[in-house]
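Asks: Structure file my_file_31.cif (mmCIF, C-alpha atoms) is given on the next line.
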data_query
#
loop_
_atom_site.label_atom_id
_atom_site.label_comp_id
_atom_site.auth_asym_id
_atom_site.auth_seq_id
_atom_site.Cartn_x
_atom_site.Cartn_y
_atom_site.Cartn_z
CA MET A 1 7.29 7.47 11.59
CA ALA A 2 9.54 9.95 9.93
CA THR A 3 12.97 10.58 11.41
CA THR A 4 14.02 13.31 8.96
CA ASN A 5 12.76 16.66 7.72
CA ASP A 6 14.62 16.68 4.42
CA ARG A 7 14.09 13.31 2.69
CA ILE A 8 10.87 12.18 1.01
CA LEU A 9 10.20 8.82 -0.64
CA LEU A 10 7.67 8.86 -3.47
CA GLY A 11 6.14 5.57 -4.57
CA THR A 12 5.04 6.27 -8.13
CA ARG A 13 3.57 4.33 -10.99
CA LYS A 14 7.01 4.29 -12.64
CA GLY A 15 9.45 3.78 -9.82
CA LEU A 16 10.62 5.00 -6.44
CA ILE A 17 11.82 8.59 -6.42
CA GLU A 18 13.52 10.34 -3.54
CA ALA A 19 13.32 14.08 -2.95
CA ARG A 20 16.08 15.57 -0.81
CA LYS A 21 16.72 19.03 0.43
CA THR A 22 20.33 19.96 -0.09
CA ASN A 23 21.83 23.45 0.19
CA GLY A 24 18.39 24.88 0.76
CA ALA A 25 16.74 23.42 -2.35
CA TRP A 26 14.61 20.36 -2.92
CA ARG A 27 15.93 18.07 -5.66
CA LEU A 28 14.51 14.88 -7.10
CA GLY A 29 16.88 11.97 -7.56
CA PRO A 30 16.74 9.35 -10.31
CA ALA A 31 14.11 6.63 -9.98
CA ALA A 32 15.06 3.45 -8.19
CA LEU A 33 13.24 0.36 -9.53
CA PRO A 34 12.53 2.35 -12.73
CA GLY A 35 9.37 1.54 -14.62
CA GLN A 36 7.91 -0.49 -11.79
CA PRO A 37 4.70 0.53 -10.02
CA ILE A 38 5.53 1.18 -6.36
CA ALA A 39 2.39 0.75 -4.28
CA TYR A 40 4.07 1.84 -1.06
CA ALA A 41 7.58 2.83 0.00
CA MET A 42 8.92 3.69 3.41
CA ARG A 43 12.09 3.82 5.47
CA ASP A 44 12.36 1.70 8.59
CA PRO A 45 13.27 4.19 11.32
CA ARG A 46 14.98 1.42 13.32
CA ASN A 47 17.71 0.58 10.82
CA GLY A 48 17.35 2.85 7.79
CA SER A 49 16.27 0.10 5.39
CA VAL A 50 13.96 1.25 2.62
CA TRP A 51 11.13 -1.14 1.76
CA ALA A 52 9.07 -0.99 -1.42
CA SER A 53 5.94 -2.86 -2.35
CA ILE A 54 5.86 -3.48 -6.10
CA ASP A 55 2.72 -4.14 -8.07
CA HIS A 56 3.92 -5.65 -11.33
CA GLY A 57 1.08 -5.60 -13.80
CA HIS A 58 2.02 -9.01 -15.11
CA TRP A 59 4.20 -10.75 -12.58
CA GLY A 60 2.25 -10.15 -9.39
CA VAL A 61 3.10 -8.34 -6.20
CA LYS A 62 6.59 -8.36 -4.72
CA LEU A 63 8.58 -6.79 -1.91
CA SER A 64 11.95 -5.20 -2.41
CA ARG A 65 14.40 -3.71 0.08
CA ARG A 66 17.54 -1.62 0.20
CA THR A 67 19.42 -1.99 3.46
CA THR A 68 21.78 0.97 3.01
CA ASP A 69 21.29 4.28 1.25
CA ALA A 70 24.11 3.46 -1.16
CA GLY A 71 22.91 -0.09 -1.79
CA GLU A 72 20.74 -1.63 -4.48
CA PHE A 73 17.21 -2.90 -4.04
CA ALA A 74 16.94 -6.67 -3.74
CA GLU A 75 13.80 -8.75 -3.74
CA VAL A 76 12.71 -10.02 -0.34
CA GLU A 77 10.66 -13.16 0.22
CA ALA A 78 7.05 -12.21 -0.49
CA PRO A 79 4.23 -12.80 1.99
CA LYS A 80 2.11 -15.63 0.59
CA TYR A 81 -1.31 -16.83 1.65
CA PRO A 82 -1.24 -20.34 3.11
CA GLU A 83 -2.78 -23.04 0.93
CA SER A 84 -5.55 -23.59 3.50
CA THR A 85 -6.96 -20.14 2.76
CA GLY A 86 -7.41 -20.70 -0.97
CA ALA A 87 -6.44 -17.04 -1.37
CA ALA A 88 -3.64 -15.27 -3.20
CA ALA A 89 -1.99 -11.92 -2.50
CA LYS A 90 -3.29 -9.27 -4.89
CA TYR A 91 -1.74 -6.16 -3.39
CA TYR A 92 0.66 -5.25 -0.61
CA TRP A 93 -1.13 -2.07 0.31
CA VAL A 94 0.79 -0.83 3.34
CA LEU A 95 4.09 -1.65 5.05
CA ALA A 96 4.85 -0.92 8.70
CA ALA A 97 8.00 -1.27 10.74
CA GLY A 98 7.41 -3.19 13.95
CA HIS A 99 7.71 -1.73 17.43
CA ALA A 100 11.10 -0.29 18.42
CA SER A 101 11.55 -3.18 20.88
CA GLU A 102 11.06 -5.78 18.09
CA PRO A 103 13.84 -5.14 15.59
CA GLY A 104 13.18 -8.05 13.19
CA THR A 105 9.43 -7.50 13.07
CA PHE A 106 7.73 -5.97 10.07
CA TRP A 107 4.05 -5.88 9.04
CA VAL A 108 2.31 -5.90 5.67
CA GLY A 109 -1.38 -5.15 5.06
CA THR A 110 -2.73 -6.80 1.93
CA GLU A 111 -5.64 -7.28 -0.39
CA PRO A 112 -7.66 -9.58 -0.05
CA GLY A 113 -7.66 -8.66 3.65
CA GLY A 114 -4.77 -10.52 5.28
CA LEU A 115 -2.25 -9.06 7.71
CA PHE A 116 1.23 -10.58 7.47
CA VAL A 117 4.14 -10.37 9.90
CA THR A 118 7.78 -11.38 9.71
CA ARG A 119 9.77 -11.90 12.90
CA ASP A 120 13.05 -12.57 11.12
CA ASP A 121 13.46 -9.41 9.04
CA GLY A 122 11.66 -10.70 5.96
CA ALA A 123 13.05 -14.24 5.69
CA THR A 124 9.68 -15.83 6.51
CA TRP A 125 6.15 -14.47 6.77
CA GLU A 126 3.10 -15.53 8.68
CA LEU A 127 -0.55 -14.67 8.00
CA ASN A 128 -2.36 -13.44 11.10
CA GLU A 129 -4.96 -16.19 11.24
CA PRO A 130 -7.29 -14.71 13.90
CA LEU A 131 -7.79 -11.54 11.85
CA TRP A 132 -8.15 -13.56 8.64
CA ALA A 133 -10.86 -15.61 10.36
CA LEU A 134 -12.80 -12.39 11.00
CA CYS A 135 -12.36 -11.40 7.36
CA LYS A 136 -13.88 -14.68 6.19
CA GLU A 137 -16.61 -14.90 8.84
CA HIS A 138 -17.89 -11.40 8.20
CA GLN A 139 -17.20 -11.40 4.46
CA TRP A 140 -15.24 -8.18 4.37
CA SER A 141 -15.87 -6.41 1.09
CA GLY A 142 -13.83 -4.17 -1.15
CA GLY A 143 -13.54 -0.41 -0.89
CA GLY A 144 -11.08 1.42 -3.09
CA ARG A 145 -9.87 -1.93 -4.34
CA GLU A 146 -11.79 -4.92 -5.66
CA GLY A 147 -11.30 -7.05 -2.56
CA ALA A 148 -11.04 -6.12 1.10
CA GLY A 149 -7.71 -4.63 2.06
CA ILE A 150 -5.70 -3.45 5.05
CA HIS A 151 -4.28 0.00 4.36
CA SER A 152 -3.41 1.34 7.82
CA ILE A 153 -1.32 -0.35 10.52
CA LEU A 154 -0.85 1.50 13.83
CA ILE A 155 1.51 0.26 16.50
CA ASP A 156 1.24 1.79 19.95
CA PRO A 157 4.67 3.21 20.78
CA ARG A 158 4.02 2.37 24.47
CA ASP A 159 3.15 -1.30 23.91
CA ALA A 160 4.27 -3.59 21.08
CA LYS A 161 1.27 -5.86 21.59
CA HIS A 162 -1.26 -3.07 21.13
CA MET A 163 -2.14 -2.41 17.50
CA HIS A 164 -4.91 -1.11 15.27
CA VAL A 165 -5.44 -1.92 11.62
CA ALA A 166 -7.90 -0.24 9.28
CA VAL A 167 -9.71 -2.28 6.65
CA SER A 168 -11.68 -1.17 3.62
CA CYS A 169 -14.31 -2.38 4.12
CA ALA A 170 -14.74 -3.58 7.65
CA GLY A 171 -13.46 -0.72 9.80
CA ILE A 172 -10.91 -0.53 12.58
CA CYS A 173 -9.74 -3.68 14.42
CA GLU A 174 -7.75 -3.61 17.63
CA THR A 175 -5.54 -6.17 19.33
CA ARG A 176 -3.99 -5.89 22.79
CA ASP A 177 -2.24 -9.24 22.74
CA GLY A 178 0.00 -8.96 19.71
CA GLY A 179 -2.59 -10.26 17.26
CA ALA A 180 -3.91 -13.33 19.10
CA THR A 181 -7.37 -11.76 19.41
CA TRP A 182 -9.01 -8.81 17.69
CA ARG A 183 -12.10 -6.70 18.25
CA TYR A 184 -13.86 -4.10 16.16
CA VAL A 185 -13.59 -0.51 17.39
CA ASN A 186 -16.02 1.40 15.19
CA LYS A 187 -18.38 3.11 17.65
CA GLY A 188 -19.45 6.49 16.36
CA LEU A 189 -18.76 5.79 12.70
CA ARG A 190 -21.41 5.69 10.00
CA MET A 191 -21.88 3.76 6.77
CA ASP A 192 -24.37 5.79 4.79
CA TYR A 193 -23.76 3.68 1.69
CA TRP A 194 -25.44 0.56 3.13
CA PRO A 195 -29.15 -0.08 3.78
CA ALA A 196 -30.59 1.22 7.05
CA GLU A 197 -30.88 -2.24 8.60
CA GLU A 198 -27.10 -2.73 8.28
CA GLN A 199 -26.21 0.35 10.29
CA ASN A 200 -26.06 -1.36 13.69
CA LYS A 201 -23.37 -3.83 12.67
CA GLU A 202 -19.95 -3.71 14.26
CA TYR A 203 -18.25 -3.88 10.87
CA GLY A 204 -18.76 -2.81 7.26
CA PHE A 205 -17.22 0.66 7.64
CA ASP A 206 -14.92 2.28 5.13
CA PRO A 207 -12.01 4.05 6.79
CA HIS A 208 -9.91 5.75 4.12
CA PHE A 209 -6.89 6.18 6.35
CA VAL A 210 -6.19 6.05 10.07
CA ALA A 211 -3.15 7.38 11.93
CA LEU A 212 -2.26 7.93 15.57
CA ALA A 213 -0.81 11.02 17.16
CA PRO A 214 2.72 9.97 18.12
CA SER A 215 2.86 12.35 21.11
CA ALA A 216 -0.45 11.05 22.53
CA PRO A 217 -1.05 7.56 21.15
CA ASP A 218 -4.62 7.35 22.45
CA VAL A 219 -5.49 10.03 19.91
CA LEU A 220 -6.37 8.54 16.53
CA TRP A 221 -7.36 10.45 13.42
CA GLN A 222 -9.44 8.99 10.65
CA SER A 223 -10.57 10.04 7.21
CA ASN A 224 -13.55 7.91 6.34
CA HIS A 225 -15.87 7.48 3.38
CA CYS A 226 -18.51 9.13 5.57
CA GLY A 227 -16.65 12.03 7.17
CA VAL A 228 -13.62 12.89 9.27
CA TYR A 229 -13.26 11.43 12.77
CA ARG A 230 -11.05 11.61 15.82
CA SER A 231 -10.81 9.41 18.86
CA ALA A 232 -9.28 10.50 22.17
CA ASP A 233 -9.68 7.12 23.87
CA GLY A 234 -7.66 4.75 21.72
CA ALA A 235 -10.47 4.18 19.19
CA SER A 236 -13.00 2.97 21.77
CA THR A 237 -15.26 5.76 20.53
CA TRP A 238 -15.01 8.02 17.50
CA THR A 239 -16.22 11.62 17.29
CA GLU A 240 -17.10 13.12 13.95
CA ILE A 241 -15.06 16.25 13.25
CA SER A 242 -16.34 16.93 9.74
CA GLU A 243 -17.08 20.54 8.78
CA LYS A 244 -19.09 20.61 5.60
CA PRO A 245 -18.76 21.39 2.83
CA HIS A 246 -14.98 21.07 2.81
CA ALA A 247 -13.86 18.88 5.69
CA TYR A 248 -15.74 15.73 4.86
CA PHE A 249 -14.51 13.53 2.00
CA GLY A 250 -10.87 12.79 1.25
CA PHE A 251 -8.16 10.20 1.65
CA PRO A 252 -5.05 11.11 3.65
CA ILE A 253 -5.11 12.48 7.18
CA THR A 254 -1.80 13.53 8.69
CA PRO A 255 -1.35 14.07 12.43
CA HIS A 256 1.28 16.45 13.74
CA PRO A 257 4.03 14.40 15.40
CA ARG A 258 4.16 16.53 18.57
CA ASP A 259 0.78 18.23 18.85
CA ALA A 260 -2.15 15.83 19.27
CA ASN A 261 -4.66 18.57 18.42
CA ARG A 262 -3.18 19.33 15.00
CA ALA A 263 -3.75 17.45 11.75
CA TRP A 264 -4.07 18.09 8.03
CA ILE A 265 -6.35 16.76 5.32
CA VAL A 266 -6.69 17.46 1.59
CA PRO A 267 -10.41 17.76 0.93
CA MET A 268 -12.19 16.47 -2.13
CA HIS A 269 -15.50 17.61 -3.51
CA SER A 270 -17.42 14.38 -2.91
CA ASP A 271 -17.53 10.65 -3.29
CA GLN A 272 -19.43 11.21 -6.55
CA ASN A 273 -16.99 13.67 -8.15
CA ARG A 274 -13.62 12.86 -6.64
CA THR A 275 -12.11 16.13 -7.72
CA THR A 276 -11.05 19.31 -5.98
CA PHE A 277 -13.57 22.00 -5.10
CA ASP A 278 -13.94 24.21 -8.19
CA GLY A 279 -10.46 23.41 -9.45
CA ARG A 280 -8.79 24.70 -6.28
CA LEU A 281 -6.27 22.52 -4.51
CA PHE A 282 -5.97 23.28 -0.81
CA VAL A 283 -5.17 21.73 2.52
CA LEU A 284 -7.24 22.00 5.68
CA ARG A 285 -5.57 22.17 9.06
CA THR A 286 -7.04 21.89 12.51
CA ASP A 287 -5.25 23.07 15.65
CA ASP A 288 -8.04 22.27 18.09
CA GLY A 289 -8.64 18.57 17.69
CA GLY A 290 -11.02 18.98 14.78
CA LYS A 291 -13.41 21.55 16.23
CA THR A 292 -12.48 23.94 13.43
CA TRP A 293 -10.62 23.65 10.14
CA ARG A 294 -8.63 26.36 8.39
CA GLU A 295 -7.81 26.52 4.69
CA GLN A 296 -4.16 26.60 3.58
CA SER A 297 -3.74 27.28 -0.12
CA GLN A 298 -0.86 29.72 -0.61
CA GLY A 299 1.35 28.36 -3.39
CA LEU A 300 -1.09 25.67 -4.48
CA PRO A 301 -2.95 25.91 -7.81
CA GLN A 302 -6.22 27.76 -7.39
CA GLU A 303 -7.70 27.03 -10.80
CA GLY A 304 -7.78 24.08 -13.14
CA ALA A 305 -6.58 21.51 -10.63
CA MET A 306 -8.56 18.29 -10.59
CA ASP A 307 -6.10 15.93 -8.92
CA PHE A 308 -5.86 14.78 -5.34
CA PRO A 309 -3.60 12.66 -3.15
CA TYR A 310 -4.30 9.01 -2.52
CA ARG A 311 -4.55 7.77 1.07
CA HIS A 312 -0.79 7.28 1.49
CA GLY A 313 0.06 10.39 -0.50
CA MET A 314 0.66 12.88 2.34
CA ASP A 315 3.04 12.95 5.30
CA ALA A 316 4.61 15.18 7.92
CA SER A 317 8.29 15.32 8.74
CA ALA A 318 9.83 14.42 12.09
CA ASP A 319 9.39 17.93 13.50
CA GLY A 320 5.96 18.47 11.93
CA GLU A 321 6.96 21.71 10.22
CA THR A 322 7.65 20.21 6.82
CA LEU A 323 4.66 18.69 5.13
CA ALA A 324 4.32 17.18 1.67
CA PHE A 325 1.73 15.61 -0.57
CA ALA A 326 1.59 14.24 -4.10
CA THR A 327 -1.30 13.52 -6.39
CA THR A 328 -2.94 11.28 -8.93
CA SER A 329 -1.62 13.54 -11.71
CA GLY A 330 1.97 13.47 -10.49
CA ASN A 331 2.08 16.88 -8.86
CA ALA A 332 4.03 17.07 -5.62
CA TYR A 333 4.09 19.92 -3.14
CA VAL A 334 6.04 20.67 0.01
CA SER A 335 5.49 23.17 2.82
CA GLU A 336 8.14 24.10 5.35
CA ASN A 337 5.89 26.07 7.67
CA GLY A 338 3.18 23.66 8.69
CA GLY A 339 1.13 24.16 5.57
CA GLU A 340 0.97 27.98 5.58
CA SER A 341 2.66 28.18 2.17
CA TRP A 342 3.63 25.60 -0.42
CA GLN A 343 6.21 25.12 -3.11
CA THR A 344 6.06 22.75 -6.04
CA LEU A 345 8.38 19.75 -5.93
CA SER A 346 7.34 18.51 -9.36
CA ASN A 347 4.56 18.70 -11.94
CA ASN A 348 5.95 15.83 -13.96
CA LEU A 349 5.85 12.73 -11.85
CA PRO A 350 3.77 9.69 -12.75
CA LEU A 351 0.73 8.99 -10.58
CA VAL A 352 1.91 8.91 -6.97
CA TYR A 353 0.64 6.09 -4.76
CA SER A 354 2.60 6.91 -1.63
CA LEU A 355 4.63 9.72 -0.13
CA ARG A 356 6.55 9.20 3.09
CA PHE A 357 9.24 11.17 4.84
CA ALA A 358 12.28 8.97 5.39
CA MET B 1 13.59 -32.26 -25.73
CA ALA B 2 10.86 -29.69 -25.22
CA SER B 3 12.07 -26.12 -25.51
CA ILE B 4 10.87 -23.23 -23.39
CA ARG B 5 11.12 -19.62 -24.55
CA PHE B 6 10.61 -16.55 -22.38
CA THR B 7 9.48 -13.00 -22.86
CA PRO B 8 12.45 -10.63 -22.51
CA HIS B 9 10.51 -8.88 -19.74
CA LEU B 10 11.23 -11.82 -17.44
CA ARG B 11 14.95 -11.53 -18.09
CA ARG B 12 14.91 -8.26 -16.21
CA TYR B 13 14.37 -10.24 -13.04
CA PHE B 14 16.03 -13.59 -13.81
CA ASP B 15 19.15 -14.50 -15.74
CA LEU B 16 17.33 -16.68 -18.25
CA PRO B 17 18.65 -18.12 -21.52
CA ASP B 18 16.87 -17.49 -24.82
CA THR B 19 15.68 -21.07 -24.81
CA TRP B 20 15.71 -23.66 -22.08
CA GLU B 21 15.28 -27.36 -22.70
CA VAL B 22 13.43 -29.87 -20.59
CA GLU B 23 12.74 -33.56 -20.96
CA GLY B 24 9.23 -34.41 -22.21
CA PRO B 25 6.59 -35.59 -22.04
CA THR B 26 5.58 -33.43 -19.14
CA THR B 27 3.00 -30.77 -18.23
CA VAL B 28 3.03 -26.98 -18.04
CA ALA B 29 2.78 -27.15 -14.23
CA GLU B 30 5.80 -29.45 -14.09
CA VAL B 31 7.79 -27.19 -16.42
CA ILE B 32 7.14 -24.26 -14.06
CA ARG B 33 8.22 -26.35 -11.04
CA LYS B 34 11.46 -27.25 -12.80
CA LEU B 35 12.07 -23.65 -13.79
CA ASP B 36 11.65 -22.63 -10.18
CA ALA B 37 14.28 -25.15 -9.14
CA GLY B 38 16.74 -23.53 -11.56
CA TRP B 39 15.73 -19.94 -10.87
CA PRO B 40 14.27 -19.78 -7.37
CA GLY B 41 11.30 -17.43 -7.19
CA LEU B 42 10.49 -17.62 -10.91
CA ALA B 43 7.33 -19.67 -10.34
CA PHE B 44 5.91 -16.83 -8.20
CA TYR B 45 6.26 -14.51 -11.19
CA ILE B 46 4.38 -16.84 -13.53
CA THR B 47 1.81 -18.17 -11.06
CA ASP B 48 0.40 -17.01 -7.74
CA GLU B 49 0.86 -18.91 -4.49
CA ARG B 50 -1.99 -21.26 -5.41
CA GLY B 51 -0.21 -22.24 -8.59
CA TYR B 52 -2.75 -20.44 -10.77
CA LEU B 53 -1.39 -18.72 -13.86
CA ARG B 54 -1.30 -14.97 -13.21
CA GLN B 55 -4.02 -13.00 -14.94
CA HIS B 56 -1.74 -11.18 -17.36
CA VAL B 57 0.63 -14.03 -18.18
CA ALA B 58 0.11 -16.14 -21.28
CA VAL B 59 1.57 -19.61 -21.82
CA TRP B 60 1.50 -21.22 -25.27
CA VAL B 61 2.21 -24.86 -26.10
CA ASP B 62 2.91 -25.56 -29.77
CA GLY B 63 1.06 -22.44 -30.80
CA ARG B 64 -2.00 -23.03 -28.65
CA GLN B 65 -2.67 -20.83 -25.64
CA VAL B 66 -3.15 -22.67 -22.36
CA ARG B 67 -6.77 -22.26 -21.32
CA ASP B 68 -6.96 -24.01 -17.96
CA ARG B 69 -5.17 -21.42 -15.88
CA MET B 70 -5.71 -23.24 -12.58
CA THR B 71 -4.40 -26.79 -13.01
CA LEU B 72 -1.89 -26.05 -15.79
CA ASP B 73 -1.99 -29.77 -16.57
CA GLU B 74 -1.71 -29.12 -20.31
CA PRO B 75 0.55 -31.81 -21.80
CA VAL B 76 3.96 -30.81 -23.10
CA GLY B 77 5.20 -33.34 -25.66
CA PRO B 78 8.81 -34.56 -26.05
CA ASP B 79 9.52 -31.97 -28.78
CA ALA B 80 7.03 -29.30 -27.79
CA LYS B 81 7.67 -25.58 -28.00
CA VAL B 82 6.46 -23.63 -24.96
CA ASP B 83 6.30 -19.84 -24.83
CA ILE B 84 5.93 -17.94 -21.58
CA LEU B 85 4.80 -14.42 -22.44
CA GLN B 86 3.11 -11.32 -21.12
CA ALA B 87 -0.51 -10.98 -22.10
CA LEU B 88 -1.09 -7.75 -23.98
CA SER B 89 -2.96 -5.84 -21.34
CA GLY B 90 -2.63 -2.13 -21.02
CA GLY B 91 -1.51 -1.51 -24.58
#
How would this structure read if it were set down as structure tokens?
Replies:
Amino acid sequence: MATTNDRILLGTRKGLIEARKTNGAWRLGPAALPGQPIAYAMRDPRNGSVWASIDHGHWGVKLSRRTTDAGEFAEVEAPKYPESTGAAAKYYWVLAAGHASEPGTFWVGTEPGGLFVTRDDGATWELNEPLWALCKEHQWSGGGREGAGIHSILIDPRDAKHMHVAVSCAGICETRDGGATWRYVNKGLRMDYWPAEEQNKEYGFDPHFVALAPSAPDVLWQSNHCGVYRSADGASTWTEISEKPHAYFGFPITPHPRDANRAWIVPMHSDQNRTTFDGRLFVLRTDDGGKTWREQSQGLPQEGAMDFPYRHGMDASADGETLAFATTSGNAYVSENGGESWQTLSNNLPLVYSLRFA
Amino acid sequence: MASIRFTPHLRRYFDLPDTWEVEGPTTVAEVIRKLDAGWPGLAFYITDERGYLRQHVAVWVDGRQVRDRMTLDEPVGPDAKVDILQALSGG
């Protein structure tokens, strides 16, 4: 979770770029790890370390870390699948700092579906075998990527042992014992893309992104391949909060850090098109838990825009007033009034995979 | 001695010489193991954790590209020339 309102980390196809607000203006710094595709980058709120997941086209996936703002990135031991699995890491899709009470703990969600944890600050990694067993038993499939992948990791701020992960494609899995056992929590979701006889399964869903409301951790928000959802009971049941035509298909969903009824999405036309609506880029905000959505477009391009943010491409600052997103065409926008108006951070970035407030 | 040459792209991550010599006869897999002993972590750039050659890495032995990307048991003769290169993917 963000601890600042004025620092943004952008994981781009050509390096890690930091935007900072200084003397009232947003400025982009030089790229760290220049030329390297950064699948995900984030700052550990517990100690200020910045972690980056690198997806070298040729040399495989790697993790890199900078422990101080003035320091250099250095490669960290990479999570590797145990020989017994016969699998190999294809993508480190999401990184998550462990619970505040577990300072050396860090989580990585990967393709082809494994969740890794380190308990010693990245020196050694362990595959979560119980979750991997579910992946194999139920033959999780790909969604967004070729193989199954974990792209959302949620840690309950009240309880280090209580976590959710979101898998494309399987759905949401929950553990209450620190990962020893997992269960699916997908009641209320749909999977319109599968045959009718598959619909009663507990798994097979395609969450695009899932996040919890930090001020009320039983509230979870989800953008899904088949609509927008919210849960008020810790994911035991999901309620669809789509509002067609706009609030339905998209990737990121960003909860407000202090108001559990507020969240933002960036809508896309459809699964088939994957563009904006009529060339207009806009954000939708709800202030009533998803009952209604309101368009926010001031300052965003209202013609000729075709690009959209990926699932990790939008975030809210610590106070929830500053909001930013960045797109597949390297456009980045920031709002300092909860989305009411936007300014352009850049129109010249490479494709942006992730955007996170530091 | 067999000599091993590297793409300059790898030198961004490891302080490698232009050419590195290793006693033959041996195999490609063994060459990679020995390289990893000298430059820890290098094997994970060339192969994945199963030891399979990464999809976009090309290894040549005496002008022939290694085809068995899983076992890498291609023989490397006493005077062989081995090239470890990037495949040309993505232009």
Asks: What residues come out when you apply the PyMOL selection byres ((chain A) within 10 of (chain B)) to this file, written as a VMD selection string?
Replies: chain A and resid 56 to 62 75 77 to 90
Asks: Taking the file as shown, find all residues satisfying the PyMOL selection byres ((chain A and resi 294) around 10) and write them as a PyMOL selection string.
Replies: chain A and resi 246-247+264+283-287+292-293+295-297
Asks: Take the residues that were just selected and, keeping C-alpha atoms, output them as an mmCIF file, in the frame of the given file.
Replies:
data_model
loop_
_atom_site.group_PDB
_atom_site.id
_atom_site.type_symbol
_atom_site.label_atom_id
_atom_site.label_comp_id
_atom_site.auth_asym_id
_atom_site.auth_seq_id
_atom_site.Cartn_x
_atom_site.Cartn_y
_atom_site.Cartn_z
ATOM 1 C CA HIS A 246 -14.980 21.070 2.810
ATOM 2 C CA ALA A 247 -13.860 18.880 5.690
ATOM 3 C CA TRP A 264 -4.070 18.090 8.030
ATOM 4 C CA VAL A 283 -5.170 21.730 2.520
ATOM 5 C CA LEU A 284 -7.240 22.000 5.680
ATOM 6 C CA ARG A 285 -5.570 22.170 9.060
ATOM 7 C CA THR A 286 -7.040 21.890 12.510
ATOM 8 C CA ASP A 287 -5.250 23.070 15.650
ATOM 9 C CA THR A 292 -12.480 23.940 13.430
ATOM 10 C CA TRP A 293 -10.620 23.650 10.140
ATOM 11 C CA GLU A 295 -7.810 26.520 4.690
ATOM 12 C CA GLN A 296 -4.160 26.600 3.580
ATOM 13 C CA SER A 297 -3.740 27.280 -0.120
#
Asks: Which residues come within 8 Å of Ser223 of chain A, counting only C-alpha atoms, excluding same-chain residues fewer than 4 positions away, as a list in words?
Replies: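 After dropping sequence-adjacent residues, the list is Pro207, His208, Phe209, Val210, Gly227, Val228, Tyr229, Phe249, Gly250, Phe251, Pro252 and Ile253 of chain A.
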Asks: So that I have them on file, write out the residues from the current selection with C-alpha atoms, as a PDB file, in the coordinates of the input.
Replies:
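Contents of result_36.pdb, as written:
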ATOM      1  CA  PRO A 207     -12.010   4.050   6.790  1.00  0.00           C
ATOM      2  CA  HIS A 208      -9.910   5.750   4.120  1.00  0.00           C
ATOM      3  CA  PHE A 209      -6.890   6.180   6.350  1.00  0.00           C
ATOM      4  CA  VAL A 210      -6.190   6.050  10.070  1.00  0.00           C
ATOM      5  CA  GLY A 227     -16.650  12.030   7.170  1.00  0.00           C
ATOM      6  CA  VAL A 228     -13.620  12.890   9.270  1.00  0.00           C
ATOM      7  CA  TYR A 229     -13.260  11.430  12.770  1.00  0.00           C
ATOM      8  CA  PHE A 249     -14.510  13.530   2.000  1.00  0.00           C
ATOM      9  CA  GLY A 250     -10.870  12.790   1.250  1.00  0.00           C
ATOM     10  CA  PHE A 251      -8.160  10.200   1.650  1.00  0.00           C
ATOM     11  CA  PRO A 252      -5.050  11.110   3.650  1.00  0.00           C
ATOM     12  CA  ILE A 253      -5.110  12.480   7.180  1.00  0.00           C
TER      13      ILE A 253
END
Asks: Using only C-alpha atoms, can you tell me which of B:Val28, B:Arg11, B:Glu23, B:Arg33 comes closest to Arg69 of chain B?
Replies: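 Ranked by minimum distance to Arg69 of chain B, first place goes to B:Val28.
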Asks: Which of these, B:Met1, B:Val76, B:Ile84, B:Val31, has the shortest distance to Asp18 of chain B once you count only C-alpha atoms?
Replies: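 Closest residue, counting only C-alpha atoms: B:Ile84.
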Asks: Near Val59 of chain B, within 6 Å and counting all atoms listed in the file, which residues show up once chain neighbours fewer than 3 positions away are dropped, as a VMD selection string?
Replies: chain B and resid 65 to 66 83 to 84
Asks: One decimal, Å: what's the distance from atom CA of Tyr193 of chain A over to atom CA of Phe205 of chain A, could you say?
Replies: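 Value for the atom CA of Tyr193 of chain A-atom CA of Phe205 of chain A distance: 9.3 Å.
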